[in-house]
>>> print(open('run.cif').read())   # mmCIF, C-alpha atoms
data_model
#
loop_
_atom_site.label_atom_id
_atom_site.label_comp_id
_atom_site.auth_asym_id
_atom_site.auth_seq_id
_atom_site.Cartn_x
_atom_site.Cartn_y
_atom_site.Cartn_z
CA MET W 20 13.39 14.26 -5.89
CA LYS W 21 14.02 12.97 -2.35
CA HIS W 22 13.37 16.42 -0.88
CA ILE W 23 9.60 16.02 -1.35
CA PHE W 24 9.60 13.37 1.39
CA THR W 25 10.97 15.80 3.98
CA GLU W 26 10.05 19.28 2.77
CA PRO W 27 6.72 20.92 1.86
CA TYR W 28 5.90 21.04 -1.84
CA THR W 29 3.07 22.21 -4.05
CA PRO W 30 0.97 19.17 -5.02
CA GLY W 31 0.69 18.61 -8.74
CA ARG W 32 -2.98 17.77 -8.42
CA GLU W 33 -5.87 18.66 -6.09
CA ILE W 34 -8.87 16.40 -5.57
CA LYS W 35 -11.53 18.76 -4.30
CA ASP W 36 -14.42 17.80 -2.07
CA ARG W 37 -17.97 18.25 -3.35
CA ALA W 38 -16.81 18.61 -6.92
CA ARG W 39 -17.83 16.61 -9.93
CA HIS W 40 -15.14 14.20 -11.02
CA ALA W 41 -14.84 11.94 -14.03
CA THR W 42 -13.64 9.15 -11.72
CA LEU W 43 -14.61 8.06 -8.20
CA PRO W 44 -12.36 9.81 -5.65
CA GLY W 45 -11.94 8.25 -2.24
CA VAL W 46 -10.26 8.60 1.13
CA PHE W 47 -7.41 6.29 2.12
CA PRO W 48 -5.99 6.13 5.68
CA THR W 49 -2.21 5.79 5.63
CA ARG W 50 0.80 5.71 7.94
CA LYS W 51 3.36 6.44 5.23
CA ALA W 52 2.33 9.91 4.05
CA VAL W 53 2.71 13.18 5.94
CA THR W 54 -1.04 13.24 6.60
CA PRO W 55 -3.05 10.42 8.22
CA TRP W 56 -5.23 10.10 5.12
CA VAL W 57 -5.07 11.03 1.45
CA ARG W 58 -7.62 11.77 -1.25
CA THR W 59 -7.34 9.19 -3.98
CA ARG W 60 -8.05 10.17 -7.58
CA LEU W 61 -9.69 6.90 -8.64
CA PRO W 62 -10.36 3.39 -7.24
CA LEU W 63 -7.28 1.96 -8.98
CA MET W 64 -5.10 4.40 -7.05
CA MET W 65 -6.67 3.28 -3.76
CA ASP W 66 -5.90 -0.34 -4.60
CA GLY W 67 -2.37 0.68 -5.52
CA LEU W 68 -1.91 2.33 -2.13
CA VAL W 69 -2.89 -0.95 -0.45
CA HIS W 70 0.15 -2.51 -2.10
CA LEU W 71 2.41 0.32 -0.93
CA GLU W 72 1.01 0.35 2.60
CA THR W 73 1.68 -3.39 3.01
CA ASP W 74 5.14 -3.38 1.39
CA PRO W 75 7.75 -3.15 4.20
CA ARG W 76 10.34 -1.82 1.73
CA VAL W 77 8.26 1.33 1.18
CA ILE W 78 9.00 3.75 4.01
CA SER W 79 7.36 6.94 2.70
CA ILE W 80 4.77 8.04 0.15
CA ALA W 81 4.49 11.53 -1.35
CA VAL W 82 1.02 11.97 -2.83
CA TYR W 83 0.64 14.02 -6.04
CA PRO W 84 4.29 15.09 -6.42
CA PRO W 85 4.97 18.27 -8.43
CA LYS W 86 3.99 18.33 -12.09
CA LEU W 87 6.63 17.76 -14.71
CA ARG W 88 6.71 19.78 -17.91
CA TYR W 89 8.69 18.29 -20.76
CA SER W 90 9.11 18.75 -24.49
CA VAL W 91 8.67 16.18 -27.23
CA TRP W 92 9.31 16.35 -30.97
CA HIS W 93 6.04 17.25 -32.65
CA ASP W 94 6.80 16.53 -36.34
CA LEU W 95 9.54 15.89 -38.85
CA ARG W 96 10.33 19.60 -39.02
CA SER W 97 11.95 19.29 -35.59
CA ARG W 98 9.32 21.35 -33.87
CA SER W 99 8.77 20.50 -30.20
CA LYS W 100 5.63 20.53 -28.11
CA ILE W 101 5.41 21.12 -24.36
CA ARG W 102 3.52 18.48 -22.42
CA GLU W 103 2.77 17.99 -18.76
CA VAL W 104 2.40 15.01 -16.41
CA SER W 105 0.98 14.99 -12.89
CA PRO W 106 1.96 11.70 -11.19
CA ASP W 107 -0.12 10.13 -8.44
CA VAL W 108 2.58 9.16 -5.96
CA ALA W 109 6.31 9.14 -5.38
CA ILE W 110 7.63 6.18 -3.38
CA LEU W 111 10.72 6.16 -1.18
CA GLU W 112 12.13 2.71 -0.37
CA ASP W 113 14.37 1.87 2.55
CA ASP W 114 17.42 1.66 0.28
CA GLY W 115 16.87 5.27 -0.85
CA TYR W 116 15.40 4.30 -4.23
CA VAL W 117 12.60 6.58 -5.49
CA THR W 118 9.89 5.66 -7.98
CA VAL W 119 7.28 8.02 -9.43
CA VAL W 120 4.02 6.26 -10.27
CA GLU W 121 0.91 6.97 -12.31
CA TYR W 122 -2.18 4.78 -11.99
CA VAL W 123 -3.78 4.50 -15.42
CA PRO W 124 -6.50 1.94 -16.28
CA VAL W 125 -5.87 -0.24 -19.32
CA ALA W 126 -8.85 1.21 -21.21
CA ILE W 127 -7.46 4.73 -20.89
CA GLN W 128 -4.00 3.60 -21.97
CA ASP W 129 -5.54 2.07 -25.09
CA GLU W 130 -7.42 5.28 -25.86
CA ARG W 131 -4.37 7.53 -25.69
CA LYS W 132 -2.42 7.68 -28.92
CA GLY W 133 1.29 7.27 -28.36
CA PHE W 134 0.90 6.26 -24.72
CA ALA W 135 3.73 3.68 -24.83
CA GLU W 136 6.12 6.24 -26.33
CA ARG W 137 5.10 8.74 -23.63
CA VAL W 138 5.98 6.22 -20.91
CA GLU W 139 9.42 5.57 -22.39
CA THR W 140 10.07 9.31 -22.68
CA LEU W 141 9.13 9.90 -19.03
CA LYS W 142 11.26 6.97 -17.86
CA HIS W 143 14.24 8.58 -19.57
CA ILE W 144 13.54 12.10 -18.23
CA TYR W 145 13.01 11.01 -14.61
CA ALA W 146 16.13 8.82 -14.70
CA GLU W 147 18.39 11.39 -16.34
CA GLU W 148 17.16 14.57 -14.63
CA TYR W 149 15.95 13.35 -11.24
CA GLY W 150 17.77 10.07 -10.67
CA CYS W 151 14.59 8.11 -10.03
CA ALA W 152 12.35 5.62 -11.78
CA TYR W 153 8.98 6.19 -13.43
CA ALA W 154 6.27 3.55 -13.76
CA VAL W 155 2.65 3.20 -14.86
CA HIS W 156 0.48 0.74 -12.95
CA SER W 157 -2.83 -0.65 -14.20
CA GLU W 158 -5.30 -3.35 -13.19
CA LEU W 159 -2.90 -5.91 -14.71
CA SER W 160 -0.34 -5.28 -11.98
CA ILE W 161 -2.52 -4.01 -9.12
CA ARG W 162 -5.60 -6.24 -9.14
CA ILE W 163 -4.00 -9.68 -9.28
CA GLU W 164 -6.06 -12.09 -7.22
CA PRO W 165 -5.96 -13.47 -4.61
CA ARG W 166 -2.94 -11.29 -3.87
CA LEU W 167 -4.89 -8.03 -3.62
CA THR W 168 -7.54 -9.57 -1.34
CA ASN W 169 -4.82 -10.95 0.94
CA LEU W 170 -3.04 -7.60 1.10
CA ARG W 171 -6.31 -5.86 1.92
CA ARG W 172 -6.71 -8.21 4.88
CA GLN W 173 -3.21 -7.34 6.08
CA TYR W 174 -4.00 -3.65 5.71
CA GLU W 175 -7.35 -3.86 7.53
CA HIS W 176 -5.93 -5.86 10.47
CA SER W 177 -2.99 -3.45 10.80
CA PHE W 178 -5.25 -0.93 12.54
CA VAL W 179 -6.17 -3.30 15.40
CA ASP W 180 -4.51 -2.43 18.72
CA ASP W 181 -3.81 -5.74 20.48
CA ARG W 182 -0.20 -5.60 21.66
CA PRO W 183 -0.45 -8.63 24.01
CA ALA W 184 -1.59 -10.88 21.14
CA LEU W 185 1.12 -9.52 18.84
CA GLU W 186 3.89 -10.23 21.36
CA THR W 187 2.52 -13.68 22.18
CA VAL W 188 2.42 -14.74 18.54
CA ARG W 189 5.84 -13.25 17.84
CA ASP W 190 7.35 -15.20 20.76
CA ALA W 191 5.69 -18.40 19.55
CA LEU W 192 7.15 -17.98 16.06
CA TYR W 193 10.69 -17.76 17.43
CA ARG W 194 10.14 -21.01 19.33
CA MET W 195 8.82 -22.80 16.25
CA THR W 196 10.52 -24.04 13.11
CA LEU W 197 9.57 -22.08 10.03
CA PRO W 198 8.21 -22.53 7.41
CA THR W 199 4.95 -23.61 9.01
CA THR W 200 1.27 -22.82 8.50
CA ILE W 201 -1.29 -20.42 9.96
CA GLY W 202 -3.20 -23.37 11.42
CA ASP W 203 -0.11 -24.83 13.08
CA ILE W 204 0.72 -21.49 14.69
CA ARG W 205 -2.82 -21.23 16.01
CA THR W 206 -2.49 -24.60 17.76
CA HIS W 207 0.71 -23.44 19.48
CA VAL W 208 -0.72 -20.18 20.79
CA ASP W 209 -3.22 -19.93 23.62
CA LEU W 210 -5.04 -16.62 23.40
CA ALA W 211 -8.40 -16.11 25.05
CA PRO W 212 -10.96 -14.31 22.89
CA PRO W 213 -11.76 -10.74 23.93
CA THR W 214 -14.78 -10.01 26.08
CA TYR W 215 -17.37 -7.37 25.31
CA LEU W 216 -18.36 -5.52 28.49
CA VAL W 217 -21.23 -3.16 29.20
CA LEU W 218 -20.56 -1.16 32.34
CA GLY W 219 -23.10 0.45 34.63
CA HIS W 220 -23.02 3.98 35.98
CA ASP W 221 -20.39 2.79 38.40
CA SER W 222 -17.42 1.75 36.26
CA ASP W 223 -16.79 -1.21 38.57
CA GLU W 224 -20.22 -2.68 37.83
CA VAL W 225 -20.46 -4.99 34.82
CA ARG W 226 -24.03 -5.06 33.57
CA TYR W 227 -23.41 -7.42 30.67
CA SER W 228 -20.50 -9.40 29.24
CA ARG W 229 -20.06 -11.64 26.21
CA ARG W 230 -17.07 -13.52 24.81
CA LEU W 231 -16.30 -12.55 21.21
CA ASP W 232 -15.39 -16.02 20.02
CA THR W 233 -15.47 -15.03 16.34
CA ILE W 234 -12.49 -12.69 16.73
CA ASP W 235 -9.28 -14.49 15.81
CA ARG W 236 -6.49 -12.69 17.68
CA VAL W 237 -3.81 -15.02 16.32
CA PHE W 238 -4.76 -14.31 12.71
CA THR W 239 -4.79 -10.56 13.37
CA ALA W 240 -1.31 -10.75 14.90
CA LEU W 241 -0.01 -12.71 11.90
CA MET W 242 -1.47 -10.11 9.53
CA GLN W 243 0.30 -7.36 11.46
CA LEU W 244 3.64 -9.19 11.46
CA ALA W 245 3.35 -9.76 7.71
CA HIS W 246 2.35 -6.12 7.26
CA VAL W 247 5.63 -4.86 8.76
CA GLY W 248 7.75 -7.53 7.06
CA GLU W 249 8.68 -9.70 10.06
CA ILE W 250 7.22 -12.76 8.32
CA GLU W 251 5.94 -13.73 4.88
CA ILE W 252 2.64 -15.48 4.25
CA ASP W 253 1.94 -17.16 0.92
CA LEU W 254 -0.02 -14.73 -1.26
CA SER W 255 -0.68 -17.12 -4.14
CA ARG W 256 -3.85 -18.48 -2.53
CA GLN W 257 -6.50 -16.89 -0.37
CA TYR W 258 -5.40 -16.99 3.27
CA HIS W 259 -6.48 -20.15 5.11
CA ASP W 260 -5.16 -22.47 7.82
CA GLY W 261 -2.86 -24.16 5.32
CA SER W 262 -1.20 -20.92 4.15
CA ALA W 263 2.59 -21.14 4.44
CA VAL W 264 4.31 -18.83 6.93
CA ARG W 265 8.06 -18.27 6.58
CA TRP W 266 10.77 -15.87 7.56
CA PRO W 267 11.10 -13.07 4.99
CA ARG W 268 13.40 -13.63 2.07
CA TYR W 269 13.98 -9.89 2.04
CA ARG W 270 15.91 -8.41 4.96
CA LYS W 271 16.27 -4.66 5.49
CA SER W 272 19.89 -5.07 6.48
CA GLU W 273 20.61 -6.61 3.09
CA GLY W 274 18.75 -4.02 1.02
CA ALA W 275 16.14 -4.61 -1.62
CA ARG W 276 18.37 -4.32 -4.65
#
>>> encode(input="run.cif", output="structure tokens")
Amino acid sequence: MKHIFTEPYTPGREIKDRARHATLPGVFPTRKAVTPWVRTRLPLMMDGLVHLETDPRVISIAVYPPKLRYSVWHDLRSRSKIREVSPDVAILEDDGYVTVVEYVPVAIQDERKGFAERVETLKHIYAEEYGCAYAVHSELSIRIEPRLTNLRRQYEHSFVDDRPALETVRDALYRMTLPTTIGDIRTHVDLAPPTYLVLGHDSDEVRYSRRLDTIDRVFTALMQLAHVGEIEIDLSRQYHDGSAVRWPRYRKSEGAR
């Protein structure tokens, strides 16, 4: 199964543009797949990718891995029936562990007869034949609040390019005693807000400038450090000045398992 993270493969599913879909497909920018963005099959999958994108243990994502055909006993006469599954993602963690995931809303799980038995069958097949795990994620595991909202903030701030702020905050953290809080870190870091400039025809001429006081460079840097796993910020409450900041309990050198 690990070969799909390094070699081309035929996707098990194709989400076409300008086609009618039963769900609401989307586009998700990512740094962990082979392409800079992926087409998501449904909103739940997009929320699931937020979790993967902000989990430092996940180093690579293979979107729509190859379909799996498998047989199940159809009746008491020992007749089998061929079935097929097309997972949404395969996840490679930094310890080499691979998990194949389907995103299935609770309502759909309830509608499908024998869904729980299907999950147990696929767990066994993927473990025995491919040496990896199989899991089904729903709203009950993906959309826990305020965790999801906090992870979205990490994800959104991860695209900001402000290296000086990142290095300044990182240096401050190593001079402080952790655990501490977002507010306490802000008081120990002196970062001027960015300035919006409008230049004239001559690039040396500034026609207009304005300080962007509403942009919190310290908070953005903390989101980026949490995003890559250098620190942990309490996810149990919506981020605020009192949110606890600590060194990560998980270290890559120790492994996740």
>>> residues_around(input="run.cif", residues="Arg58 in chain W", least_positions_apart="4", cutoff="7 Å", atoms="only C-alpha atoms", output="PDB file with C-alpha atoms, in the coordinates of the input")
ATOM      1  CA  ILE W  34      -8.870  16.400  -5.570  1.00  0.00           C
ATOM      2  CA  PRO W  44     -12.360   9.810  -5.650  1.00  0.00           C
ATOM      3  CA  GLY W  45     -11.940   8.250  -2.240  1.00  0.00           C
ATOM      4  CA  VAL W  46     -10.260   8.600   1.130  1.00  0.00           C
ATOM      5  CA  PHE W  47      -7.410   6.290   2.120  1.00  0.00           C
TER       6      PHE W  47
END
>>> residues_near_point(input="run.cif", point="(-4.2, 0.9, 1.3)", cutoff="12 Å", atoms="only C-alpha atoms", output="VMD selection string")
chain W and resid 45 to 52 55 to 59 62 to 74 80 161 167 to 178 246
>>> resolve_selection(input="run.cif", expression="the PyMOL selection byres ((chain W and resi 262) around 8)", output="PyMOL selection string")
chain W and resi 200-202+252-253+256+258-261+263-264
>>> residues_around(input="run.cif", residues="range 190-196 of chain W", least_positions_apart="4", cutoff="12 Å", atoms="only C-alpha atoms", output="PyMOL selection string")
chain W and resi 183-186+200-201+203-210+237+240-241+244+249-250+264-266
>>> closest_residue(input="run.cif", among="W:Ala211, W:Leu43, W:Val123, W:Val53", to="Asp232 in chain W", atoms="all atoms listed in the file")
W:Ala211
